[in-house]
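What follows is a short report on a single structure.
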Amino acid sequence: MGAAIGLLAKTKEVPRTRATTESWLVRLALIALALTFLFFFLLIPLVEVFQKAFEKGLGAYWQAIQDPETRSAIRLTLITAGIAVPLNLFFGLVSAWAIAKFEFRGKNLLITLIDLPFSVSPVISGMIYVLLFGTQGLLGPFLVEHDIKIIFTPVAIVLATIFVTFPFVSRELIPLMQAQGREEEEAAMTMGAGGLRTFFKITLPNIKWGLLYGVILCNARAMGEFGAVSVVSGHIRGLTNTMPLQIEILYNEYQFVPAFAVASLLALLALFTLAAKGIVEWRSNKS
Amino acid sequence: MEVEQIMSIHIQDIEKRFGGFIALRGVDLEIKKGELLALLGPSGSGKTTLLRIIAGLEAPDAGVLSLDGEDAGVKKARERGIGFVFQHYALFRHKTVLQNVAFGLEVLPWRRRPGRNEIRRRALDILKLVQLDWTADRLPSQLSGGQRQRVALARALVLEPKYLLLDEPFGALDAKVRKELRRWLRRLHEQVGVTSIFVTHDQEEALELADRVVILNEGRIEQVGTPDEVYSHPANPFVTQFLGSVNLFHGRIRDGVAQVGTWEVDAPEHAGASGAVFAFVRPHEIELRRRFIGKAAVLAQVRQVRSFGSAVKLDLTREEGDGWLEVELSHEEFQNLRPQVGEWLLARPRRFRIFPQPSEAARWTA
């Protein structure tokens with residue numbers, strides 16, 4: 001018996017042999033190829049963004065960001081994300097809960113619908129809102145009658161952003177919750193815990209890292225969304241421009257330093273998101 | 001069971017379907033206070049569904065369930081005073097062993113909830129009962145399968161339930177741990193005395209552990225009885241085949257006498273029946289000889305000899321018709337006979353169990 005265990009332990013330590021791996025040449029070539037690709041298509045453009053932004057020095061950079069229209073764009077982006085992300089956190093949690101833990105008719109339809117924002121072009125998502133709420137749109141006459149403006153206002157931007165970022169949280173949670181099953185919740189219930197208590201004490205701790213991961217991705221997209229927002233925004237300066245839209249306007253006006261200054265902020269958000277994502281992944285693997 | 005023969009759980013005509021699948025087709029069952037009952041059946045027989053209905057995790061479509069004389073239909077799972085042990089333990093993965101066990105006490109309504117120290121003490125006490133108090137601060141993922149199972153049991157017992165329900169409690173464990181835990185559960189049951197019901201598809205487990213065994217098939221109860229009753233006096237072909245290996249012979253019955261091959265078997269209990277019958281013979285109820293004098297026997301060829309454990313098992317093929325014959329000899333009998341693979345021998349059943357063939361024959365022979 002002892003000998004058998006010793007043998008088992010030994011086989012575990014045996015290094016990968018030629019049968020299970022490629023030669024060092026192939027490995028090196030593959031790694032080099034991947035790194036070269038990353039260097040030219042990701043790293044150089046990223047460095048370029050920061051280089052252009054600081055081309056005329058720190059003062060010009062600071063001034064570009066101090067511009068009132070730019071500041072208004074930053075504010076609108078933050079407000080939009082501040083509304084869209086919590087709402088989608090809630091919707092995502094509810095829909096994932098329903099899909100993963102219960103059987104009901106039309107479940108597949110619901111899953112398809114949740115994926116819809118991912119499968120249509122963001123521009124079309126924006127068009128849908130114009131078709132719905134525009135003066136010529138389906139609800140147009142009603143809105144005009146009651147003097148409610150949606151299209152070309154921040155409201156439309158928030159709505160479009162919610163639509164586009166809807167799937168992130170639920171997509172992240174559905175497979176996770178399905179894999180975890182219902183047994184732990186059932187166990188909590190047989191032990192006397194009510195629905196809310198079960199959710200906060202059992203379900204939420206089990207999914208917290210997945211939830212955070214979804215929220216981070218959702219936030220990145222909410223701040224970076226261009227297509228859908230562009231269609232419903234109307235590009236009213238200082239009012240309905242978000243950061244991505246402001247970048248485009250500045251760039252088209254040949255104001256390269258301000259354009260890249262704002263772009264560098266979005267790039268920083270991306271780097272921050274990547275770091276946060278990395279930490280969350282590391283933590284969730286650990287737990 | 002000399003304990004007070006009070007009915008503890010009363011199940012009457014329970015039915016349950018999931019979409020097109022009928023899980024239970026009218027089940028009646030009475031469970032005595034303090035007994036250890038096994039729900040035994042193949043997968044899809046409805047045994048787990050029945051357990052979950054008793055627990056309140058599923059609602060029956062029809063029928064009455066009463067616990068201690070009270071209709072349980074309106075009671076939620078948490079109001080029934082049950083402890084449930086899940087097949088895959090369902091331990092809270094982010095809580096330590098102690099927190100897992102203490103959870104039931106922590107979610108008690110505040111008027112009945114003990115103080116923090118009292119909760120800790122009671123949780124540790126119950127962990128001591130399952131000999132796992134030393135794991136109190138570990139996470140479930142740091143325990144072995146058998147240890148997790150015992151934590152799940154401790155967690156189910158901490159609220160001092162009136163009924164302990166276990167769903168395939170040893171299903172995910174290896175054979176040796178399973179045997180130990182089985183013995184250990186039996187002792188625990190004697191110690192705690194709580195009415196316990198466990199689900200299993202393992203007939204050996206049910207027969208060894210339970211006071212009474214309920215055999216389920218396709219949503220119906222086939223037989224209820226003590227392990228000895230169901231094993232020695234199976235009520236029908238299904239139970240006979242399900243509780244251990246069996247050899248099948250075909251025959252016909254008339255006036256209480258079955259004609260099976262060249263044998264005539266008295267079957268007074270089926271005196272009224274006529275027509276085709278099944279005749280079952282357990283492997284250890286067959287005699288093997290090189291010659292029988294004056295007795296009818298069938299010729300069979302030895303194909304395989306498996307010698308391990310308490311008996312020697314032989315696979316033979318019958319000369320005519322019905323294919324395989326499984327025979328179990330004691331080591332002594334085997335030494336006397338010394339059968340060789342390929343050798344032709346005479347086989348003679350000592351005992352038949354005769355059952356008239358039902359018209360829907362396919363149901364049994366499958």
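Labels used: A, B, ... for chains in the order of the structure tokens, numbers from 1 for residues in each chain, and numbers from 1 for ligands as shown.
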Taking the DSSP assignment computed from this structure's backbone, write out as JSON, numbers by chain all residues of segment 108-341 of chain B that belong to strand (DSSP E). {"B": [163, 164, 165, 166, 167, 195, 196, 197, 198, 199, 200, 212, 213, 214, 215, 216, 217, 220, 221, 222, 223, 224, 225, 247, 248, 249, 250, 251, 252, 253, 254, 257, 258, 259, 260, 263, 264, 265, 266, 275, 276, 277, 278, 279, 280, 281, 286, 287, 288, 289, 298, 299, 300, 301, 302, 303, 304, 305, 306, 307, 308, 311, 312, 313, 314, 315, 316, 317, 318, 324, 325, 326, 327, 328, 329, 330]}
How close does chain B get to chain A? List, as a Markdown table, each residue of chain B within 10 Å, its nearest atom pair and the distance in Å to one decimal, counting only C-alpha atoms.
```
| residue | atom | partner | partner_atom | distance |
| --- | --- | --- | --- | --- |
| B:Ala55 | CA | A:Thr190 | CA | 7.6 |
| B:Gly56 | CA | A:Thr190 | CA | 8.2 |
| B:Leu57 | CA | A:Glu186 | CA | 7.3 |
| B:Lys76 | CA | A:Thr190 | CA | 8.7 |
| B:Ala77 | CA | A:Thr190 | CA | 5.3 |
| B:Arg78 | CA | A:Gly192 | CA | 4.3 |
| B:Glu79 | CA | A:Gly192 | CA | 7.1 |
| B:Arg80 | CA | A:Thr190 | CA | 8.3 |
| B:Gly81 | CA | A:Thr190 | CA | 8.4 |
| B:Ile82 | CA | A:Thr190 | CA | 6.9 |
| B:Gly83 | CA | A:Thr190 | CA | 6.8 |
| B:Phe84 | CA | A:Thr190 | CA | 6.8 |
| B:Val85 | CA | A:Ala187 | CA | 8.0 |
| B:Phe86 | CA | A:Glu183 | CA | 7.3 |
| B:Gln87 | CA | A:Glu183 | CA | 9.2 |
| B:His88 | CA | A:Glu183 | CA | 8.3 |
| B:Tyr89 | CA | A:Glu183 | CA | 8.3 |
| B:Ala90 | CA | A:Glu184 | CA | 4.9 |
| B:Leu91 | CA | A:Glu184 | CA | 6.5 |
| B:Phe92 | CA | A:Glu184 | CA | 6.2 |
| B:Arg93 | CA | A:Asn206 | CA | 7.5 |
| B:His94 | CA | A:Asn206 | CA | 6.7 |
| B:Lys95 | CA | A:Ile202 | CA | 9.0 |
| B:Asn100 | CA | A:Ala188 | CA | 9.7 |
| B:Phe103 | CA | A:Met191 | CA | 7.7 |
| B:Gly104 | CA | A:Met191 | CA | 4.9 |
| B:Leu105 | CA | A:Met191 | CA | 8.3 |
| B:Glu106 | CA | A:Ala193 | CA | 9.1 |
| B:Val107 | CA | A:Ala193 | CA | 5.7 |
| B:Leu108 | CA | A:Gly192 | CA | 6.8 |
| B:Pro109 | CA | A:Gly192 | CA | 9.0 |
| B:Ser141 | CA | A:Ser287 | CA | 9.9 |
| B:Ala152 | CA | A:Ala187 | CA | 9.6 |
| B:Arg155 | CA | A:Met191 | CA | 8.6 |
| B:Ala156 | CA | A:Met191 | CA | 7.5 |
| B:Leu157 | CA | A:Met191 | CA | 9.9 |
| B:Val158 | CA | A:Met191 | CA | 9.4 |
| B:Leu159 | CA | A:Met191 | CA | 7.8 |
| B:Pro161 | CA | A:Met191 | CA | 9.6 |
```
So the first atom is atom CA of Glu205 of chain B and the second is atom CA of Ala38 of chain B; what is the distance between them in Å, to one decimal place? 8.8 Å
Write down as a ChimeraX atom specification the residues belonging to segment 199-323 of chain B that are assigned alpha helix (DSSP H) by DSSP computed on the backbone. /B:203-209,227-232,237-242
Could you name the residues that touch segment 224-230 of chain A at 10 Å or less, counting only C-alpha atoms, but leaving out those on the same chain fewer than 2 positions away, as an MDAnalysis selection string? chainID A and resid 77 81 121:129 152 154 156:161 163:165 218:222 232:235 240:245 248 266:267 269:270
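Atom pair atom CA of Ala62 of chain B / atom CA of Val27 of chain B has a distance of 10.1 Å (rounded to one decimal).
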